[in-house]
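Q: Take a look at data-v6.txt, compact mmCIF, C-alpha atoms:
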```
# COMPACT_ATOMS: atom_id res chain seq x y z
CA MET A 1 13.95 -45.46 9.00
CA ASN A 2 17.44 -43.94 8.93
CA GLU A 3 16.80 -42.49 5.49
CA HIS A 4 13.56 -40.89 6.74
CA SER A 5 15.30 -39.44 9.79
CA GLY A 6 18.17 -38.15 7.61
CA LYS A 7 15.68 -36.44 5.30
CA LYS A 8 13.95 -34.87 8.29
CA ASN A 9 17.26 -33.62 9.68
CA LYS A 10 18.20 -32.21 6.29
CA ALA A 11 14.89 -30.33 6.19
CA PHE A 12 15.55 -28.77 9.58
CA VAL A 13 19.09 -27.81 8.54
CA VAL A 14 17.71 -26.04 5.44
CA LEU A 15 15.09 -24.28 7.59
CA SER A 16 17.75 -23.09 10.03
CA LEU A 17 19.88 -21.82 7.14
CA LEU A 18 16.96 -19.90 5.63
CA LEU A 19 16.13 -18.34 9.00
CA PHE A 20 19.78 -17.46 9.59
CA ILE A 21 19.99 -15.69 6.20
CA GLN A 22 16.92 -13.63 7.03
CA ILE A 23 18.13 -12.74 10.52
CA ILE A 24 21.28 -11.41 8.84
CA LEU A 25 19.07 -9.43 6.42
CA ILE A 26 17.09 -7.96 9.34
CA SER A 27 20.23 -7.04 11.26
CA LEU A 28 21.55 -5.26 8.15
CA GLN A 29 18.28 -3.38 7.73
CA VAL A 30 17.50 -2.29 11.31
CA PRO A 31 20.31 0.31 11.64
CA LEU A 32 19.25 1.85 8.32
CA GLY A 33 15.67 2.56 9.47
CA ASP A 34 13.48 3.43 6.48
CA GLU A 35 16.43 3.43 4.08
CA SER A 36 16.67 0.22 2.06
CA ASN A 37 19.75 -1.99 2.05
CA TYR A 38 21.16 -3.41 -1.20
CA PHE A 39 19.24 -6.68 -0.84
CA LYS A 40 15.91 -4.90 -0.45
CA LYS A 41 16.76 -2.55 -3.34
CA THR A 42 17.58 -5.54 -5.55
CA VAL A 43 14.39 -7.42 -4.71
CA SER A 44 12.35 -4.20 -5.14
CA ALA A 45 14.00 -3.57 -8.51
CA LEU A 46 12.87 -7.07 -9.57
CA THR A 47 9.35 -7.11 -8.11
CA THR A 48 8.08 -3.57 -8.73
CA PRO A 49 8.45 -3.75 -12.55
CA VAL A 50 6.44 -7.03 -12.48
CA LYS A 51 3.79 -5.32 -10.33
CA HIS A 52 3.91 -2.36 -12.71
CA GLY A 53 3.40 -4.68 -15.70
CA VAL A 54 0.52 -6.58 -14.07
CA SER A 55 -1.08 -3.30 -13.06
CA ALA A 56 -0.76 -1.96 -16.63
CA ILE A 57 -2.31 -5.15 -18.09
CA ILE A 58 -5.26 -5.01 -15.68
CA ARG A 59 -5.72 -1.32 -16.40
CA GLY A 60 -5.62 -2.12 -20.12
CA VAL A 61 -8.27 -4.82 -19.75
CA GLY A 62 -10.39 -2.46 -17.63
CA SER A 63 -10.00 0.27 -20.19
CA PHE A 64 -10.98 -2.18 -23.01
CA TRP A 65 -14.10 -3.03 -21.03
CA ASP A 66 -14.87 0.64 -20.50
CA HIS A 67 -14.39 1.49 -24.15
CA TYR A 68 -16.29 -1.35 -25.76
CA PHE A 69 -18.83 -2.71 -23.33
CA SER A 70 -20.02 -0.07 -20.96
CA PHE A 71 -20.87 2.84 -23.24
CA ARG A 72 -24.40 2.93 -21.88
CA PHE A 73 -23.22 3.72 -18.37
CA ARG A 74 -20.57 6.11 -19.57
CA THR A 75 -23.00 8.33 -21.51
CA ARG A 76 -24.70 9.48 -18.31
CA GLU A 77 -21.37 9.88 -16.54
CA TYR A 78 -20.06 11.91 -19.49
CA ALA A 79 -23.05 14.25 -19.31
CA LEU A 80 -22.43 14.80 -15.58
CA ILE A 81 -18.71 15.43 -16.15
CA SER A 82 -19.51 17.89 -18.96
CA ASP A 83 -21.81 19.81 -16.62
CA ARG A 84 -19.17 19.80 -13.91
CA LEU A 85 -16.51 20.96 -16.37
CA LEU A 86 -18.75 23.81 -17.44
CA LEU A 87 -19.18 24.91 -13.84
CA LEU A 88 -15.46 24.57 -13.17
CA LYS A 89 -14.67 26.73 -16.19
CA GLN A 90 -16.98 29.40 -14.83
CA GLU A 91 -15.40 29.09 -11.42
CA ASN A 92 -11.95 29.31 -12.99
CA LEU A 93 -12.90 32.46 -14.85
CA PHE A 94 -14.38 33.97 -11.71
CA LEU A 95 -11.27 33.18 -9.68
CA LYS A 96 -8.97 34.52 -12.38
CA ASN A 97 -10.93 37.74 -12.38
CA ARG A 98 -10.76 37.95 -8.61
CA LEU A 99 -7.02 37.34 -8.78
CA LYS A 100 -6.60 40.18 -11.24
CA LYS A 101 -7.43 42.51 -8.40
CA PHE A 102 -4.25 41.41 -6.68
CA GLU A 103 -1.93 40.61 -9.57
CA SER A 104 -1.60 41.74 -13.16
CA GLU A 105 -2.92 39.41 -15.88
CA GLU A 106 0.60 38.83 -17.09
CA GLU A 107 1.70 37.69 -13.63
CA ILE A 108 -1.23 35.29 -13.40
CA ARG A 109 -0.47 33.83 -16.84
CA GLU A 110 3.16 33.44 -15.91
CA SER A 111 2.20 31.62 -12.71
CA LEU A 112 -0.11 29.26 -14.60
CA LEU A 113 2.56 28.60 -17.21
CA HIS A 114 4.87 27.67 -14.36
CA LEU A 115 2.24 25.46 -12.70
CA TYR A 116 1.15 23.03 -15.44
CA PRO A 117 4.55 21.69 -16.58
CA ASN A 118 5.36 20.91 -12.95
CA LEU A 119 2.35 18.76 -12.26
CA LEU A 120 2.97 15.11 -13.13
CA ILE A 121 -0.01 12.74 -13.25
CA VAL A 122 0.92 9.32 -11.84
CA ARG A 123 -0.88 6.02 -11.25
CA VAL A 124 -0.79 3.86 -8.15
CA ILE A 125 0.54 0.37 -8.92
CA GLY A 126 0.67 -1.11 -5.43
CA LEU A 127 -0.19 -0.60 -1.78
CA ASP A 128 2.06 -1.39 1.18
CA LEU A 129 1.37 -5.07 1.89
CA ASN A 130 2.37 -4.93 5.56
CA ASN A 131 0.45 -1.74 6.37
CA SER A 132 -1.41 0.04 3.61
CA PHE A 133 -1.59 3.26 5.68
CA ARG A 134 2.19 3.69 5.47
CA SER A 135 3.11 3.87 1.81
CA LEU A 136 2.23 3.06 -1.78
CA ILE A 137 4.06 2.62 -5.08
CA ILE A 138 3.53 4.80 -8.16
CA ASP A 139 4.40 4.22 -11.80
CA ARG A 140 6.96 7.00 -12.23
CA GLY A 141 10.61 6.98 -11.24
CA THR A 142 13.97 8.61 -11.81
CA LEU A 143 13.44 8.66 -15.60
CA ASP A 144 10.47 10.97 -15.07
CA GLY A 145 12.44 13.30 -12.84
CA ILE A 146 10.96 12.03 -9.57
CA ARG A 147 13.05 12.96 -6.55
CA LYS A 148 12.84 12.54 -2.79
CA ASP A 149 10.42 14.86 -0.90
CA MET A 150 8.28 15.84 -3.90
CA VAL A 151 4.71 16.57 -2.84
CA VAL A 152 1.92 14.13 -3.80
CA LEU A 153 -1.72 15.23 -4.06
CA ASP A 154 -4.91 13.38 -4.97
CA LYS A 155 -7.22 14.31 -7.85
CA ASN A 156 -9.01 16.89 -5.68
CA GLY A 157 -5.79 18.59 -4.61
CA TYR A 158 -5.77 17.07 -1.11
CA LEU A 159 -2.44 16.09 0.43
CA VAL A 160 -1.56 12.39 0.13
CA GLY A 161 2.13 12.37 1.09
CA ARG A 162 5.61 12.84 -0.27
CA ILE A 163 8.03 10.87 -2.40
CA LEU A 164 10.10 8.78 -0.03
CA ARG A 165 12.45 7.58 -2.73
CA PRO A 166 12.43 6.41 -6.35
CA LEU A 167 12.59 2.58 -6.35
CA SER A 168 13.78 2.25 -9.94
CA PHE A 169 13.66 4.04 -13.29
CA LYS A 170 9.86 3.82 -13.48
CA GLU A 171 8.64 3.24 -9.92
CA SER A 172 8.73 5.26 -6.70
CA ARG A 173 7.53 4.88 -3.13
CA VAL A 174 5.19 7.49 -1.63
CA GLN A 175 5.10 7.93 2.15
CA LEU A 176 1.51 8.64 3.19
CA ILE A 177 0.46 11.31 5.67
CA THR A 178 -1.08 8.49 7.73
CA ASP A 179 2.36 6.96 8.42
CA THR A 180 3.55 7.29 12.01
CA GLU A 181 7.19 7.94 11.28
CA TRP A 182 7.20 11.54 10.07
CA GLY A 183 5.54 14.91 10.61
CA ILE A 184 4.11 17.75 8.56
CA GLY A 185 3.83 21.38 9.58
CA ALA A 186 0.08 21.99 9.85
CA THR A 187 -2.37 24.61 10.99
CA THR A 188 -6.12 25.09 11.19
CA GLU A 189 -7.85 27.16 8.57
CA ASN A 190 -8.29 30.79 9.63
CA SER A 191 -6.19 30.55 12.77
CA ASP A 192 -2.63 30.98 13.96
CA MET A 193 -2.30 27.63 15.75
CA PHE A 194 0.66 25.74 14.37
CA GLY A 195 1.27 22.10 15.10
CA ILE A 196 2.84 18.98 13.71
CA LEU A 197 0.66 16.42 12.00
CA SER A 198 1.69 12.78 11.93
CA GLY A 199 -0.18 9.61 11.10
CA ASP A 200 -1.47 7.10 13.64
CA GLY A 201 -0.81 4.15 11.31
CA GLU A 202 -4.52 3.29 11.24
CA GLY A 203 -5.75 5.74 8.61
CA ARG A 204 -6.05 8.86 10.74
CA CYS A 205 -3.61 11.56 11.87
CA ASP A 206 -2.74 13.29 15.16
CA LEU A 207 -2.25 17.03 15.29
CA LYS A 208 0.40 17.47 17.98
CA TYR A 209 1.77 20.32 20.07
CA ILE A 210 -1.40 22.44 20.21
CA LEU A 211 -1.57 23.83 23.75
CA ASN A 212 -4.47 22.93 26.03
CA THR A 213 -5.12 26.65 26.40
CA ALA A 214 -5.40 27.21 22.65
CA PRO A 215 -8.82 28.57 21.69
CA ASP A 216 -10.65 28.14 18.35
CA ILE A 217 -10.04 24.42 17.96
CA GLU A 218 -13.34 22.84 17.03
CA LEU A 219 -14.66 19.64 15.54
CA GLY A 220 -14.99 19.78 11.76
CA GLN A 221 -12.31 22.44 11.30
CA MET A 222 -10.16 22.05 8.22
CA ILE A 223 -6.44 21.36 8.65
CA ILE A 224 -4.06 22.72 6.03
CA THR A 225 -0.30 22.69 5.56
CA SER A 226 1.51 25.56 7.27
CA GLY A 227 4.55 25.57 4.99
CA GLN A 228 6.84 25.74 8.01
CA ASP A 229 8.42 22.34 7.36
CA GLU A 230 9.84 23.66 4.08
CA VAL A 231 8.75 20.50 2.27
CA PHE A 232 5.09 21.27 1.60
CA PRO A 233 3.74 24.51 0.17
CA LYS A 234 1.29 26.44 2.36
CA ASN A 235 -2.51 26.00 2.30
CA ILE A 236 -2.80 22.46 0.92
CA PRO A 237 -5.91 20.86 2.48
CA ILE A 238 -5.10 17.82 4.63
CA GLY A 239 -8.24 16.81 6.51
CA ARG A 240 -10.81 17.66 9.16
CA ILE A 241 -10.69 17.51 12.95
CA THR A 242 -12.80 14.61 14.20
CA GLN A 243 -11.83 14.54 17.87
CA VAL A 244 -10.48 17.08 20.38
CA ASP A 245 -9.61 16.04 23.93
CA GLN A 246 -8.06 18.01 26.78
CA THR A 247 -5.24 16.06 28.44
CA GLU A 248 -3.40 16.30 31.73
CA MET A 249 -0.27 17.15 29.78
CA LEU A 250 0.49 20.48 28.09
CA HIS A 251 -1.09 19.68 24.76
CA LYS A 252 -4.49 18.74 23.40
CA ARG A 253 -5.10 15.37 21.78
CA ILE A 254 -6.47 16.15 18.31
CA LYS A 255 -7.47 13.52 15.75
CA VAL A 256 -7.68 14.42 12.07
CA LEU A 257 -9.38 12.42 9.33
CA PRO A 258 -7.50 12.96 6.05
CA PHE A 259 -9.49 14.07 3.01
CA PHE A 260 -7.89 11.59 0.62
CA ARG A 261 -9.60 8.23 0.26
CA PHE A 262 -7.94 4.94 -0.72
CA ARG A 263 -10.77 4.26 -3.14
CA ASP A 264 -9.96 7.45 -5.08
CA ILE A 265 -6.20 7.22 -5.31
CA GLY A 266 -5.95 5.43 -8.64
CA ARG A 267 -4.45 8.59 -10.10
CA LEU A 268 -2.37 11.13 -8.19
CA VAL A 269 -0.48 14.32 -8.96
CA VAL A 270 3.19 14.85 -8.11
CA ILE A 271 4.47 18.42 -7.88
CA THR A 272 7.85 18.09 -9.54
CA ASP A 273 9.22 21.53 -8.78
CA ASP A 274 9.37 23.92 -5.89
CA LEU A 275 6.00 25.67 -6.12
CA LYS A 276 5.93 27.04 -2.59
CA ASP A 277 5.64 30.59 -3.87
CA PHE A 278 2.79 29.68 -6.18
CA TYR A 279 0.61 28.30 -3.40
CA MET B 1 12.89 -26.63 -13.10
CA ARG B 2 9.24 -27.45 -13.70
CA ASP B 3 8.43 -26.67 -10.08
CA ILE B 4 10.20 -23.33 -10.25
CA THR B 5 8.25 -22.42 -13.40
CA ARG B 6 5.01 -23.39 -11.68
CA ALA B 7 5.89 -21.36 -8.61
CA ALA B 8 6.76 -18.35 -10.81
CA ALA B 9 3.43 -18.73 -12.64
CA ALA B 10 1.61 -18.95 -9.29
CA LEU B 11 3.37 -15.79 -8.11
CA CYS B 12 2.32 -13.96 -11.28
CA PHE B 13 -1.26 -15.12 -10.68
CA ALA B 14 -0.97 -13.87 -7.08
CA PHE B 15 0.19 -10.47 -8.38
CA VAL B 16 -2.85 -10.32 -10.67
CA CYS B 17 -5.17 -11.13 -7.71
CA LEU B 18 -3.38 -8.60 -5.52
CA THR B 19 -3.69 -5.85 -8.13
CA LEU B 20 -7.40 -6.63 -8.59
CA LEU B 21 -7.96 -6.49 -4.81
CA GLU B 22 -6.12 -3.16 -4.56
CA ARG B 23 -8.15 -1.80 -7.46
CA PHE B 24 -11.60 -2.83 -6.30
CA ASN B 25 -11.26 -2.80 -2.51
CA PRO B 26 -7.95 -1.72 -0.95
CA ALA B 27 -9.10 -2.88 2.51
CA ALA B 28 -9.25 -6.47 1.20
CA VAL B 29 -5.44 -6.52 1.06
CA HIS B 30 -5.49 -6.76 4.87
CA VAL B 31 -8.06 -9.57 4.88
CA ILE B 32 -6.67 -11.90 2.20
CA ASN B 33 -2.98 -12.78 2.27
CA VAL B 34 -2.56 -13.69 -1.39
CA LEU B 35 1.17 -14.48 -1.21
CA SER B 36 0.61 -16.94 1.66
CA LEU B 37 -1.96 -18.75 -0.47
CA VAL B 38 0.75 -19.48 -3.04
CA VAL B 39 2.80 -21.17 -0.28
CA PHE B 40 -0.18 -23.16 1.07
CA TYR B 41 -1.16 -24.28 -2.44
CA PHE B 42 2.31 -25.76 -2.98
CA ALA B 43 2.33 -27.24 0.54
CA ILE B 44 -0.28 -29.76 -0.59
CA ARG B 45 1.94 -30.88 -3.46
CA LYS B 46 5.52 -30.43 -2.29
CA ASP B 47 7.67 -31.14 0.76
CA GLU B 48 8.51 -28.81 3.63
CA VAL B 49 11.89 -27.70 2.21
CA PHE B 50 10.36 -26.50 -1.06
CA CYS B 51 7.60 -24.70 0.89
CA ALA B 52 10.08 -23.06 3.27
CA VAL B 53 12.15 -21.73 0.33
CA LEU B 54 9.00 -20.58 -1.46
CA GLY B 55 7.78 -18.99 1.79
CA MET B 56 11.05 -17.09 2.09
CA PHE B 57 10.74 -15.76 -1.48
CA CYS B 58 7.08 -14.78 -0.99
CA GLY B 59 7.88 -13.10 2.32
CA LEU B 60 10.80 -11.15 0.89
CA ILE B 61 8.62 -10.06 -2.04
CA GLN B 62 6.01 -8.84 0.48
CA ASP B 63 8.73 -6.97 2.39
CA SER B 64 10.08 -5.42 -0.81
CA LEU B 65 6.61 -4.03 -1.55
CA SER B 66 6.39 -2.57 1.97
CA MET B 67 8.17 0.10 3.96
CA GLY B 68 9.03 -2.04 6.98
CA VAL B 69 12.13 -4.02 7.85
CA PHE B 70 13.26 -6.38 5.09
CA GLY B 71 13.01 -9.95 6.33
CA VAL B 72 10.19 -9.82 8.90
CA SER B 73 7.50 -11.25 6.60
CA GLY B 74 10.23 -13.45 5.12
CA ILE B 75 10.83 -15.24 8.45
CA ALA B 76 7.09 -15.51 9.18
CA LYS B 77 6.38 -17.03 5.77
CA THR B 78 9.43 -19.34 5.88
CA LEU B 79 8.20 -20.83 9.16
CA SER B 80 4.57 -21.08 8.04
CA GLY B 81 5.68 -22.59 4.71
CA PHE B 82 7.81 -25.20 6.47
CA ALA B 83 4.97 -26.01 8.90
CA ALA B 84 2.48 -26.21 5.99
CA GLY B 85 4.68 -28.66 4.06
CA PHE B 86 5.37 -30.67 7.21
CA ILE B 87 1.67 -30.99 8.14
CA ALA B 88 0.44 -31.63 4.59
CA ARG B 89 2.91 -34.57 4.29
CA ARG B 90 1.36 -36.21 7.36
CA ILE B 91 -2.33 -35.27 7.27
CA ASN B 92 -4.65 -35.35 4.29
CA VAL B 93 -5.83 -31.77 3.84
CA LEU B 94 -7.39 -32.15 0.40
CA SER B 95 -11.05 -31.98 1.41
CA ILE B 96 -12.42 -28.44 1.39
CA ARG B 97 -13.24 -28.45 5.13
CA ARG B 98 -9.80 -29.71 6.18
CA ASN B 99 -8.18 -27.34 3.72
CA PHE B 100 -10.06 -24.44 5.31
CA LEU B 101 -8.85 -25.41 8.79
CA PHE B 102 -5.31 -26.03 7.48
CA ILE B 103 -5.06 -22.55 5.94
CA PHE B 104 -6.85 -20.92 8.90
CA PHE B 105 -4.40 -22.27 11.49
CA LEU B 106 -1.31 -21.64 9.38
CA THR B 107 -2.32 -18.05 8.58
CA THR B 108 -2.95 -17.49 12.30
CA PHE B 109 0.48 -18.99 13.05
CA GLU B 110 2.12 -16.72 10.45
CA LEU B 111 0.30 -13.66 11.79
CA VAL B 112 1.42 -14.43 15.36
CA ILE B 113 5.06 -14.82 14.27
CA TRP B 114 4.89 -11.61 12.24
CA ALA B 115 3.29 -9.71 15.16
CA LEU B 116 5.88 -11.00 17.63
CA LEU B 117 8.77 -10.03 15.33
CA HIS B 118 7.19 -6.62 14.72
CA ALA B 119 6.72 -6.03 18.45
CA PHE B 120 10.29 -7.19 19.15
CA LEU B 121 11.87 -4.97 16.49
CA PHE B 122 9.76 -1.83 16.86
CA SER B 123 8.49 -2.01 20.48
CA ASP B 124 5.23 -0.75 19.06
CA THR B 125 1.66 -1.99 18.60
CA ILE B 126 1.17 -3.95 15.40
CA PRO B 127 -0.44 -2.12 12.48
CA SER B 128 -3.87 -3.74 12.41
CA GLY B 129 -5.39 -1.91 9.43
CA ARG B 130 -8.28 -0.72 11.65
CA GLY B 131 -8.64 -4.25 13.02
CA LEU B 132 -9.04 -5.85 9.60
CA ILE B 133 -5.84 -7.84 9.96
CA PHE B 134 -7.51 -9.98 12.66
CA PHE B 135 -9.89 -11.25 9.98
CA GLN B 136 -6.95 -12.32 7.82
CA PRO B 137 -6.96 -16.01 8.88
CA LEU B 138 -10.68 -16.27 8.18
CA GLY B 139 -10.57 -14.37 4.87
CA THR B 140 -7.46 -16.18 3.62
CA ALA B 141 -8.82 -19.59 4.65
CA PHE B 142 -12.19 -18.95 3.02
CA CYS B 143 -10.77 -17.71 -0.30
CA GLY B 144 -7.86 -20.17 -0.26
CA SER B 145 -9.93 -23.29 0.36
CA LEU B 146 -12.42 -22.28 -2.34
CA LEU B 147 -9.66 -21.49 -4.83
CA ILE B 148 -7.71 -24.71 -4.15
CA HIS B 149 -10.93 -26.75 -4.37
CA LEU B 150 -11.73 -25.05 -7.69
CA ILE B 151 -8.24 -25.74 -9.08
CA ASN B 152 -8.42 -29.40 -7.95
CA THR B 153 -11.86 -29.81 -9.55
CA ILE B 154 -10.64 -28.29 -12.82
CA GLN B 155 -7.54 -30.51 -12.77
CA LYS B 156 -9.71 -33.60 -12.20
CA SER B 157 -12.22 -32.73 -14.91
CA PHE B 158 -9.54 -32.06 -17.51
CA GLY B 159 -7.44 -35.01 -16.38
CA ILE B 160 -4.42 -32.84 -15.62
CA GLY B 161 -1.95 -34.93 -13.65
CA ARG B 162 -0.77 -34.01 -10.20
CA ASP B 163 2.69 -34.69 -8.76
```
How does the structure come out when it is put into structure tokens?
A:
Amino acid sequence: MNEHSGKKNKAFVVLSLLLFIQIILISLQVPLGDESNYFKKTVSALTTPVKHGVSAIIRGVGSFWDHYFSFRFRTREYALISDRLLLLKQENLFLKNRLKKFESEEEIRESLLHLYPNLLIVRVIGLDLNNSFRSLIIDRGTLDGIRKDMVVLDKNGYLVGRILRPLSFKESRVQLITDTEWGIGATTENSDMFGILSGDGEGRCDLKYILNTAPDIELGQMIITSGQDEVFPKNIPIGRITQVDQTEMLHKRIKVLPFFRFRDIGRLVVITDDLKDFY
Amino acid sequence: MRDITRAAAALCFAFVCLTLLERFNPAAVHVINVLSLVVFYFAIRKDEVFCAVLGMFCGLIQDSLSMGVFGVSGIAKTLSGFAAGFIARRINVLSIRRNFLFIFFLTTFELVIWALLHAFLFSDTIPSGRGLIFFQPLGTAFCGSLLIHLINTIQKSFGIGRD
């Protein structure tokens, strides 16, 4: 009986110790906000490479399947992609020609030469487990030249977020535009209304500080970056307005649905240099 | 040592499941708490101290893969792990129906602790993943009870010994 009670007491002592350690960890973290303390950095440095490895193995198995077993399905997809590529090439040619009216061919070539080396294709290796609308982890880090505040786009060129910080040599955390704790300079397409866009933490964004008296704000309008925050280049598509409400305060309540989709973010593009002038 | 190796193997398996969920349906990450399942699986076999320590590790891993405060999921999982080990020592939760209820109530308990800590630290509404997080106890209990039943059946058929 005494032995059983002693064991039980020992268990509660261990539990209290574990809770105490974690309360200390929380109290160390809270003043730092989104910055990680050394303990979190250490655990991240241990877990993200494992997640990276698992992700690479699963991608490898998926790729093996794609290459050897599903040729039948891929043939049709390949034909569609070839058609699309053909159209895109035409579009590219058309746009280049249109651009020539504004810039010399040499200037355009120089711009393109500057663009491609600064686009880094990355893969997503993990979502945020506490709230997937806040952040995600990609498979490139300091070794690949990833730095804080680099711009992250999806495969269609829509804004996804920015690099919050590299987690290790080969992994980095991306802060999504749907996160509540930051803002992006944004404007509507074809208008002079400037506001600040921040996430609502549930997959949508709020466009803030647009006056109630502002005209030309309609449902379905496209929201693009304004470039005023000096982090994002101008004119990157963000999303569409899905809700506009007048409020009793000074500003409208505007909801924006981002263009990027979680299902399509397997591969992303990081702009590794300052390309504000290019956009 | 053997237990630590098993726990590490279970964590690797959880990472595989997590990566598959993220790949095929990112929303499922909100509905199935894979790391908690590792704790509940060991709760059936081990005592409350082992489960509390494992819960702490799983929680801190979850926090390290997230942007929030380091330690919030850790505390929630430590408490749920301890409770899981404590209950499983006293009540037989091996049958699939009991196992379902066991995981359901413990995931709810963990979610409540996590939500309370989140509300206390951030004075903000909890991120519900468009309401999907409220289905987490059901989703985790459903998948967990099926998975544990499957593992037990395989162990029985191949005569693999249990502790």
Q: Counting all atoms listed in the file, which residues of chain B come no farther than 6 Å from chain A, as a tab-separated table (two decimals) with C-alpha atoms, in the frame of the given file?
A:
```
chain	number	residue	atom	x	y	z
B	49	VAL	CA	11.89	-27.70	2.21
B	64	SER	CA	10.08	-5.42	-0.81
B	65	LEU	CA	6.61	-4.03	-1.55
B	66	SER	CA	6.39	-2.57	1.97
B	70	PHE	CA	13.26	-6.38	5.09
B	71	GLY	CA	13.01	-9.95	6.33
B	129	GLY	CA	-5.39	-1.91	9.43
B	130	ARG	CA	-8.28	-0.72	11.65
```
Q: For Val151 of chain A, work out the shell of residues within 6 Å, counting only C-alpha atoms and skipping chain neighbours fewer than 5 positions away, then give it as a list in words.
A: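 Result of the neighbour search: Arg162, Val270 and Ile271 of chain A.
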Q: At what distance in Å, to one decimal, does atom CA of Gln243 of chain A lie from atom CA of Trp182 of chain A?
A: 20.8 Å
Q: Residues within 10 Å of Ile210 of chain A, please, as number ranges by chain. Count only C-alpha atoms; anything in the same chain fewer than 4 positions from it doesn't count.
A: A: 187, 193-196, 214-215, 217, 250-254
Q: Write out as a list of chain:residue names each polymer residue whose atoms come within 9 Å of segment 138-141 of chain B, counting all atoms listed in the file; drop sequence neighbours fewer than 5 positions from it.
A: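 Answer for this query is B:Ala28, B:Val31, B:Ile32, B:Asn33, B:Val34, B:Ser36, B:Leu37, B:Asn99, B:Phe100, B:Leu101, B:Phe102, B:Ile103, B:Phe104, B:Phe105, B:Thr107, B:Thr108, B:Leu146.
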